[in-house]
Every structure is written in structure tokens, then in C-alpha cells.
file work_25.txt (compact mmCIF, C-alpha atoms)
# COMPACT_ATOMS: atom_id res chain seq x y z
CA MET A 1 63.87 155.94 25.96
CA SER A 2 62.30 159.19 27.22
CA VAL A 3 63.47 162.58 25.98
CA SER A 4 64.94 163.44 29.38
CA THR A 5 66.85 160.15 29.57
CA ARG A 6 68.17 160.54 26.01
CA THR A 7 69.24 164.10 26.72
CA ARG A 8 70.96 163.06 29.93
CA SER A 9 72.87 160.30 28.15
CA ARG A 10 74.07 162.71 25.46
CA LEU A 11 75.09 165.22 28.12
CA ILE A 12 77.18 162.59 29.90
CA VAL A 13 79.00 161.75 26.66
CA VAL A 14 79.68 165.41 25.87
CA ILE A 15 80.94 166.18 29.39
CA ALA A 16 83.08 163.07 29.46
CA GLY A 17 84.63 163.79 26.08
CA SER A 18 85.40 167.40 26.96
CA ALA A 19 86.90 166.45 30.31
CA LEU A 20 89.19 163.88 28.70
CA LEU A 21 90.66 166.60 26.49
CA LEU A 22 91.17 168.99 29.39
CA CYS A 23 92.39 166.65 32.13
CA PRO A 24 96.17 166.03 32.27
CA ARG A 25 97.52 162.54 32.88
CA ALA A 26 97.75 161.80 36.60
CA LEU A 27 101.28 161.69 38.00
CA PRO A 28 102.35 158.81 40.26
CA GLY A 29 102.20 159.58 43.98
CA GLU A 30 105.07 159.39 46.42
CA PRO A 31 105.29 156.39 48.78
CA VAL A 32 104.70 157.15 52.46
CA ALA A 33 107.86 157.68 54.53
CA VAL A 34 108.38 155.42 57.54
CA ARG A 35 107.94 157.40 60.76
CA TYR A 36 106.98 154.43 62.93
CA THR A 37 108.28 150.95 62.11
CA GLU A 38 105.79 148.10 62.34
CA GLY A 39 106.31 145.02 64.54
CA LEU A 40 104.54 141.98 65.97
CA VAL A 41 100.79 142.58 66.40
CA HIS A 42 97.64 140.56 67.10
CA GLY A 43 94.52 142.70 67.40
CA PHE A 44 90.85 141.76 67.79
CA LEU A 45 88.24 143.54 65.68
CA ALA A 46 84.49 143.63 65.18
CA LEU A 47 82.65 144.41 61.96
CA ARG A 48 79.23 146.02 62.37
CA THR A 49 76.63 147.93 60.40
CA LEU A 50 76.43 151.65 61.13
CA ASP A 51 73.44 151.01 63.42
CA GLY A 52 75.51 148.56 65.50
CA THR A 53 74.37 145.15 64.19
CA HIS A 54 77.23 142.68 64.61
CA LEU A 55 78.29 141.03 61.33
CA ALA A 56 81.72 139.48 61.78
CA ASP A 57 84.66 138.90 64.11
CA GLY A 58 88.10 139.86 62.91
CA ASP A 59 91.78 139.25 63.61
CA LEU A 60 94.64 141.52 62.60
CA ILE A 61 97.87 139.48 62.63
CA GLN A 62 101.18 141.10 61.75
CA VAL A 63 104.58 139.39 61.72
CA PRO A 64 107.95 140.94 60.76
CA ARG A 65 110.47 138.57 59.14
CA GLY A 66 113.85 139.99 58.20
CA GLY A 67 113.28 143.04 56.03
CA ARG A 68 109.64 142.17 55.33
CA VAL A 69 106.40 142.52 57.25
CA SER A 70 103.34 140.34 56.63
CA THR A 71 99.99 141.69 57.80
CA ARG A 72 96.78 139.66 57.60
CA LEU A 73 93.27 140.97 58.25
CA ILE A 74 90.58 138.29 58.29
CA PHE A 75 86.87 138.63 59.04
CA ARG A 76 84.66 135.59 59.69
CA PHE A 77 81.00 136.47 59.18
CA LYS A 78 78.02 135.10 61.04
CA ASP A 79 76.52 134.05 57.69
CA GLY A 80 79.61 131.98 56.84
CA SER A 81 81.26 134.56 54.59
CA ILE A 82 85.01 135.19 54.70
CA ARG A 83 87.10 138.23 53.89
CA ASP A 84 90.80 137.38 54.09
CA GLU A 85 93.45 139.95 53.09
CA THR A 86 97.23 139.56 53.33
CA ALA A 87 99.80 142.21 52.40
CA VAL A 88 103.57 141.76 52.44
CA TYR A 89 105.66 144.94 52.44
CA SER A 90 109.06 146.41 53.20
CA GLN A 91 109.67 149.40 55.46
CA ARG A 92 113.12 150.72 54.60
CA GLN A 93 112.72 154.53 54.63
CA HIS A 94 109.43 154.17 52.74
CA PHE A 95 106.61 151.63 52.86
CA ARG A 96 106.62 149.51 49.67
CA LEU A 97 104.02 146.85 48.94
CA LEU A 98 105.61 143.61 47.67
CA SER A 99 102.58 141.34 47.29
CA HIS A 100 98.89 141.27 48.13
CA HIS A 101 96.20 138.59 48.25
CA LEU A 102 92.49 139.20 48.86
CA VAL A 103 89.74 136.57 49.15
CA GLN A 104 86.07 137.55 49.45
CA LYS A 105 83.52 134.73 49.43
CA GLY A 106 80.13 133.85 50.87
CA PRO A 107 76.65 135.40 50.90
CA SER A 108 77.95 138.84 51.95
CA PHE A 109 80.10 139.21 48.81
CA LYS A 110 78.70 139.32 45.29
CA PRO A 111 80.50 138.34 43.22
CA PRO A 112 82.95 136.18 45.19
CA LEU A 113 86.49 137.23 44.30
CA ASP A 114 90.09 136.13 44.69
CA MET A 115 92.70 138.72 43.69
CA SER A 116 96.48 138.44 43.91
CA ILE A 117 99.11 141.11 43.13
CA ASP A 118 102.82 140.59 42.54
CA CYS A 119 104.41 144.03 42.57
CA ALA A 120 107.79 142.95 41.14
CA SER A 121 106.26 141.64 37.91
CA GLY A 122 103.14 143.82 37.86
CA ARG A 123 101.00 140.72 37.50
CA VAL A 124 97.42 140.95 38.80
CA VAL A 125 95.22 137.84 38.74
CA VAL A 126 91.52 138.00 39.56
CA ARG A 127 89.35 134.89 39.87
CA TYR A 128 85.62 135.45 40.22
CA THR A 129 82.19 133.99 39.49
CA ASP A 130 80.00 135.84 37.00
CA ASP A 131 76.21 136.32 37.17
CA ASP A 132 75.67 133.00 35.37
CA GLY A 133 77.73 131.08 37.92
CA LYS A 134 80.70 130.59 35.57
CA GLN A 135 84.27 130.75 36.87
CA LYS A 136 86.27 133.55 35.23
CA VAL A 137 89.94 134.54 35.37
CA GLU A 138 91.50 137.91 34.48
CA ASP A 139 95.31 137.77 34.26
CA GLU A 140 96.95 141.12 33.48
CA ARG A 141 100.22 142.97 33.87
CA LEU A 142 99.91 146.57 35.05
CA GLU A 143 102.43 149.33 35.57
CA LEU A 144 102.20 149.35 39.35
CA PRO A 145 103.39 152.54 41.07
CA THR A 146 105.58 152.53 44.19
CA ASP A 147 102.82 154.09 46.31
CA LEU A 148 100.46 151.12 45.94
CA ALA A 149 98.36 150.90 49.13
CA ASN A 150 96.42 147.61 48.88
CA GLY A 151 96.17 146.15 52.40
CA LEU A 152 98.26 148.98 53.87
CA ILE A 153 95.81 151.83 54.42
CA LEU A 154 95.78 151.60 58.23
CA THR A 155 99.57 151.32 58.39
CA LEU A 156 100.09 154.26 56.05
CA LEU A 157 97.61 156.50 57.88
CA LYS A 158 99.58 156.02 61.11
CA ASN A 159 102.57 157.50 59.31
CA ILE A 160 100.88 160.46 57.59
CA ARG A 161 101.08 163.65 59.62
CA GLY A 162 97.64 164.66 60.87
CA GLY A 163 97.91 168.23 59.64
CA ALA A 164 99.23 167.25 56.21
CA VAL A 165 97.66 168.49 52.99
CA VAL A 166 95.76 166.06 50.80
CA LYS A 167 97.78 162.91 50.17
CA GLU A 168 97.29 160.74 47.10
CA LEU A 169 98.02 157.02 46.94
CA SER A 170 97.40 154.31 44.35
CA MET A 171 95.35 151.13 44.64
CA VAL A 172 94.34 148.20 42.44
CA ALA A 173 90.56 148.10 42.75
CA PRO A 174 89.34 144.62 43.83
CA THR A 175 86.92 144.19 40.92
CA PRO A 176 86.50 141.46 38.27
CA LYS A 177 88.41 143.67 35.82
CA PRO A 178 91.50 144.95 37.70
CA ARG A 179 92.27 148.63 37.30
CA LEU A 180 94.35 151.26 39.05
CA VAL A 181 92.55 153.97 41.00
CA LYS A 182 93.71 156.89 43.09
CA LEU A 183 92.97 157.35 46.79
CA SER A 184 92.71 160.95 47.90
CA ILE A 185 93.29 161.21 51.66
CA ALA A 186 92.53 164.34 53.67
CA SER A 187 92.42 165.10 57.38
CA GLU A 188 89.09 166.32 58.75
CA GLY A 189 90.53 167.42 62.08
CA GLU A 190 90.31 165.82 65.53
CA ASP A 191 87.36 163.93 67.01
CA ARG A 192 86.95 163.12 70.70
CA PHE A 193 86.42 159.65 72.15
CA THR A 194 86.93 157.92 75.49
CA THR A 195 88.50 154.72 76.80
CA GLY A 196 86.98 154.06 80.19
CA THR A 197 87.08 157.47 81.90
CA ALA A 198 90.03 158.78 79.87
CA ALA A 199 89.27 161.42 77.22
CA ARG A 200 91.24 161.14 73.99
CA GLN A 201 91.37 162.55 70.48
CA ALA A 202 91.78 160.82 67.12
CA THR A 203 92.57 162.29 63.74
CA HIS A 204 89.66 161.81 61.36
CA TYR A 205 90.76 160.93 57.81
CA VAL A 206 88.51 160.84 54.74
CA VAL A 207 89.57 158.47 51.95
CA LYS A 208 88.02 159.20 48.56
CA VAL A 209 88.34 156.85 45.58
CA GLU A 210 89.14 158.66 42.33
CA ILE A 211 88.46 156.22 39.49
CA GLY A 212 90.01 158.34 36.76
CA GLY A 213 89.58 158.26 32.99
CA LEU A 214 86.22 158.09 31.23
CA ALA A 215 84.76 155.75 33.89
CA GLY A 216 85.68 158.20 36.64
CA ILE A 217 84.04 161.10 34.85
CA VAL A 218 80.80 159.25 34.17
CA ALA A 219 80.56 157.37 37.50
CA PRO A 220 79.27 160.28 39.67
CA LEU A 221 76.72 161.17 36.99
CA ILE A 222 75.14 157.71 36.99
CA GLY A 223 75.42 157.01 40.72
CA LYS A 224 78.41 154.63 40.53
CA GLN A 225 80.99 156.72 42.43
CA PRO A 226 82.20 154.71 45.48
CA PRO A 227 81.29 156.39 48.78
CA ASP A 228 84.03 157.91 50.92
CA SER A 229 85.64 155.89 53.69
CA HIS A 230 86.41 157.36 57.14
CA VAL A 231 89.26 156.26 59.40
CA TRP A 232 90.16 157.45 62.91
CA ILE A 233 93.80 157.22 64.06
CA LEU A 234 95.03 157.95 67.59
CA GLY A 235 98.15 160.14 67.41
CA GLY A 236 101.06 160.56 69.80
CA GLU A 237 104.31 158.62 70.17
CA ALA A 238 102.60 155.33 69.29
CA PRO A 239 99.78 155.95 66.74
CA ALA A 240 96.99 153.39 66.70
CA PHE A 241 93.89 152.53 64.69
CA VAL A 242 90.62 153.40 66.48
CA LYS A 243 87.84 152.70 63.98
CA SER A 244 86.80 152.98 60.34
CA GLU A 245 83.57 153.33 58.37
CA GLY A 246 83.27 152.49 54.69
CA PRO A 247 82.53 149.79 52.10
CA LEU A 248 84.67 146.63 51.98
CA PHE A 249 83.87 145.96 48.32
CA LEU A 250 82.63 147.83 45.25
CA GLY A 251 78.93 148.55 45.62
CA GLY A 252 78.93 147.28 49.19
CA PRO A 253 77.22 148.93 52.17
CA LEU A 254 78.98 151.13 54.72
CA TRP A 255 80.30 149.00 57.57
CA ARG A 256 82.12 149.93 60.77
CA ILE A 257 85.33 148.27 62.01
CA GLU A 258 86.27 148.74 65.68
CA LEU A 259 88.70 147.30 68.19
CA VAL A 260 87.29 144.89 70.77
CA SER A 261 88.63 143.46 74.04
CA PRO A 262 88.55 139.81 75.17
CA VAL A 263 85.61 138.91 77.41
CA PHE A 264 85.79 136.01 79.86
CA PRO A 265 82.68 134.17 81.12
CA ARG A 266 80.97 135.85 84.08
CA GLY A 267 81.89 134.43 87.45
CA GLN A 268 85.11 132.87 86.19
CA SER A 269 87.80 133.32 88.86
CA THR A 270 91.54 133.51 88.38
CA ALA A 271 91.91 130.04 89.89
CA THR A 272 89.37 128.65 87.40
CA ILE A 273 91.21 130.24 84.48
CA LYS A 274 94.50 128.65 85.55
CA LYS A 275 92.91 125.18 85.51

call {"tool": "encode", "arguments": {"input": "work_25.txt", "output": "C-alpha cells"}}
result
Amino acid sequence: MSVSTRTRSRLIVVIAGSALLLCPRALPGEPVAVRYTEGLVHGFLALRTLDGTHLADGDLIQVPRGGRVSTRLIFRFKDGSIRDETAVYSQRQHFRLLSHHLVQKGPSFKPPLDMSIDCASGRVVVRYTDDDGKQKVEDERLELPTDLANGLILTLLKNIRGGAVVKELSMVAPTPKPRLVKLSIASEGEDRFTTGTAARQATHYVVKVEIGGLAGIVAPLIGKQPPDSHVWILGGEAPAFVKSEGPLFLGGPLWRIELVSPVFPRGQSTATIKK
């Protein structure tokens, strides 16, 4: 080990140890109040790289049943990979996550991962494949806060006031070893976009992952801090998702998610469609 590397390692340990003594324990965040109730939805999405290369087609399917809402976001990749996320939540005064299931598998996801969360019991089960190809299972019980946001980020952002101060939410990180992290959400103002010839504005949110603890202190120093995610939400009487840019898994590249419209074959007439 070189002198500079040894010195850097010692510095990280000293800084981390000092920060642990000075940093107070994080307080649980408040769940997001319901301003707009969610209903039946089927949206079409595209997943692309930031330079526009098409990677996957997506469906957002949301179904309310009684006092619960089930929302599923699934992406089917051109390389055969799948990312399938389902969240079940209630929306009585505040949004409360009840259960969550995430599956990431295929060449685009390393390692492949299957994570399920039961909020009532606090049980989190993660199934994954390690570097040697062995199947592993982590089964833990965590103290899950009421502001847990797994699978609900887009829904919650539609209900956060655009001019609000920084909002903090909790999340179980989808990693082989499950752990709670904080999401710090701040508004970056309004950005313009168009639909056809109509000019519109969307609130630009920045979502920062705060790992917390010793790992969170050391992560930025060794280049392991997750990059920020960006989400654009159309405001007004019926807020709507416009697009997002960020990683879909720890260590993953920045990808863009956008709405898409159905496209019929060229030259297909109305009479042909009816047949």
C-alpha cells in the first residue's frame, strides 16, 4: 500500500469515527398526506439511456380494491431482463405502504435480486445470487417507519407541494443485505416542456439517497455514494408524472423513464382497425 493510500484510509477512519460521535440519531419522517387519491391507471413507459438508446418497454398498472391500492411497474428489456415492482398501500389521510415486492433479473441486473417487504411484521426477505453463482437468502425483521416509500416515489411526489422545503422519506435499499436509508427530496423549481404545440411546466425534484451510519459517512469518500435521481411532475388539479432520470439499482447507470403513446401501423385505416 502506498503512503498516500494508507494516509487516506486512516483519514477515512478518523473522520468516520468523529462523525459518529457528533451526529444525532435520525428521527423518523412523517408520511405524506393524501392530497389526490389514486385510482385505476394503465400507463405506457419507455426506459432509455440518457443519450436516447431504447432499453425496455414498461407498463404502469394501478388498481384500487376497497381501502387498498396495488400499483405495478414492470419493464421488459430488449436483452431479456425483467424489472417487476409491486407496491400495495392504503390512502386514508396519509399514504402507508403495506407490502412491496421487487424482482430484478437478467443481464441488465447484477446481481439478480428478489426482495419482499411485509410492513405489518417488519419482515424483509432478499433472495439473490452471489459472485460465485450460489443462491443466498437474507431474512430479517426491521423496524419499518410509517413513511416507507418503496414503490411509491412517483405517487408521493404528486402529493408533495412543489414549493415545499426538503422532505425526508424512508426506504429499504434493494441490496443483498437489506438496510434502511433516507431519501432527501427537494424541489429544484420549474422546467418547461411541450406536448404537441402546448407549452407546459413541470416541477423538478431531486431525490438524494442518504445511507446513514458509518457506511454513509465513508461512501462519498470512496466513490460509493449513489447518484441523485431526478423526477419531473406536472402540477395543477391533476398532477402527473412526466419523466425521471436515475439508477434503478445500486451501482447501476443513469437511465431515463418517459411516457409513450400507442403507435398504430402506418396506413391502417379506422375500418381496418375495426376488423

call {"tool": "axis_aligned_box", "arguments": {"input": "work_25.txt", "around": "range 196-212 of chain A", "padding_each_side": "6 Å", "output": "lines of an AutoDock Vina configuration file"}}
result
center_x = 89.8
center_y = 158.3
center_z = 59.3
size_x = 17.6
size_y = 20.5
size_z = 57.1

call {"tool": "closest_residue", "arguments": {"input": "work_25.txt", "among": "A:Gln201, A:Thr86, A:Gln135, A:Gln91", "to": "Leu60 in chain A", "atoms": "all atoms listed in the file"}}
result
A:Thr86

call {"tool": "closest_residue", "arguments": {"input": "work_25.txt", "among": "A:Asp114, A:Asp191, A:Glu210, A:Asp130", "to": "Glu85 in chain A", "atoms": "only C-alpha atoms"}}
result
A:Asp114

call {"tool": "residues_around", "arguments": {"input": "work_25.txt", "residues": "range 30-40 of chain A", "least_positions_apart": "3", "cutoff": "10 Å", "atoms": "only C-alpha atoms", "output": "ChimeraX atom specification"}}
result
/A:27,61-65,68-71,90-97,145-149,155-161,167-170,237-239

call {"tool": "closest_residue", "arguments": {"input": "work_25.txt", "among": "A:Ser229, A:Pro111, A:His42, A:Ala120", "to": "Lys134 in chain A", "atoms": "only C-alpha atoms"}}
result
A:Pro111

call {"tool": "atom_distance", "arguments": {"input": "work_25.txt", "atom1": "CA of Gly189 in chain A", "atom2": "CA of Ala202 in chain A"}}
result
8.4 Å

call {"tool": "residues_near_point", "arguments": {"input": "work_25.txt", "point": "(96.0, 158.9, 73.9)", "cutoff": "7 Å", "atoms": "all atoms listed in the file", "output": "list in words"}}
result
Arg200, Gln201, Leu234, Gly235 and Gly236 of chain A

call {"tool": "residues_around", "arguments": {"input": "work_25.txt", "residues": "Trp255 in chain A", "least_positions_apart": "2", "cutoff": "8 Å", "atoms": "all atoms listed in the file", "output": "VMD selection string"}}
result
chain A and resid 47 to 50 245 to 248 253 257

call {"tool": "atom_distance", "arguments": {"input": "work_25.txt", "atom1": "CA of Ala198 in chain A", "atom2": "CA of Ala46 in chain A"}}
result
21.8 Å

call {"tool": "closest_residue", "arguments": {"input": "work_25.txt", "among": "A:Glu143, A:Glu188, A:Asp228, A:Asp79", "to": "Ser121 in chain A", "atoms": "all atoms listed in the file"}}
result
A:Glu143

call {"tool": "residues_around", "arguments": {"input": "work_25.txt", "residues": "range 138-140 of chain A", "least_positions_apart": "3", "cutoff": "10 Å", "atoms": "all atoms listed in the file", "output": "list in words"}}
result
Met115, Ser116, Ile117, Gly122, Arg123, Val124, Val125, Val126, Arg127, Tyr128, Pro176, Lys177, Pro178 and Arg179 of chain A

call {"tool": "atom_distance", "arguments": {"input": "work_25.txt", "atom1": "CA of His101 in chain A", "atom2": "CA of Leu142 in chain A"}}
result
15.9 Å

call {"tool": "closest_residue", "arguments": {"input": "work_25.txt", "among": "A:Lys182, A:His100, A:Arg83, A:Lys243", "to": "Ala56 in chain A", "atoms": "only C-alpha atoms"}}
result
A:Arg83

call {"tool": "closest_residue", "arguments": {"input": "work_25.txt", "among": "A:Asp57, A:Thr175, A:Arg141, A:Pro262", "to": "Gln104 in chain A", "atoms": "only C-alpha atoms"}}
result
A:Thr175

call {"tool": "residues_around", "arguments": {"input": "work_25.txt", "residues": "Lys110 in chain A", "least_positions_apart": "2", "cutoff": "10 Å", "atoms": "all atoms listed in the file", "output": "PDB file with C-alpha atoms, in the coordinates of the input"}}
result
ATOM      1  CA  GLN A 104      86.070 137.550  49.450  1.00  0.00           C
ATOM      2  CA  LYS A 105      83.520 134.730  49.430  1.00  0.00           C
ATOM      3  CA  GLY A 106      80.130 133.850  50.870  1.00  0.00           C
ATOM      4  CA  PRO A 107      76.650 135.400  50.900  1.00  0.00           C
ATOM      5  CA  SER A 108      77.950 138.840  51.950  1.00  0.00           C
ATOM      6  CA  PRO A 112      82.950 136.180  45.190  1.00  0.00           C
ATOM      7  CA  LEU A 113      86.490 137.230  44.300  1.00  0.00           C
ATOM      8  CA  TYR A 128      85.620 135.450  40.220  1.00  0.00           C
ATOM      9  CA  THR A 129      82.190 133.990  39.490  1.00  0.00           C
ATOM     10  CA  ASP A 130      80.000 135.840  37.000  1.00  0.00           C
ATOM     11  CA  ASP A 131      76.210 136.320  37.170  1.00  0.00           C
ATOM     12  CA  PHE A 249      83.870 145.960  48.320  1.00  0.00           C
ATOM     13  CA  LEU A 250      82.630 147.830  45.250  1.00  0.00           C
ATOM     14  CA  GLY A 251      78.930 148.550  45.620  1.00  0.00           C
ATOM     15  CA  GLY A 252      78.930 147.280  49.190  1.00  0.00           C
TER      16      GLY A 252
END

call {"tool": "residues_around", "arguments": {"input": "work_25.txt", "residues": "Leu98 in chain A", "least_positions_apart": "6", "cutoff": "6 Å", "atoms": "all atoms listed in the file", "output": "ChimeraX atom specification"}}
result
/A:88-89,119
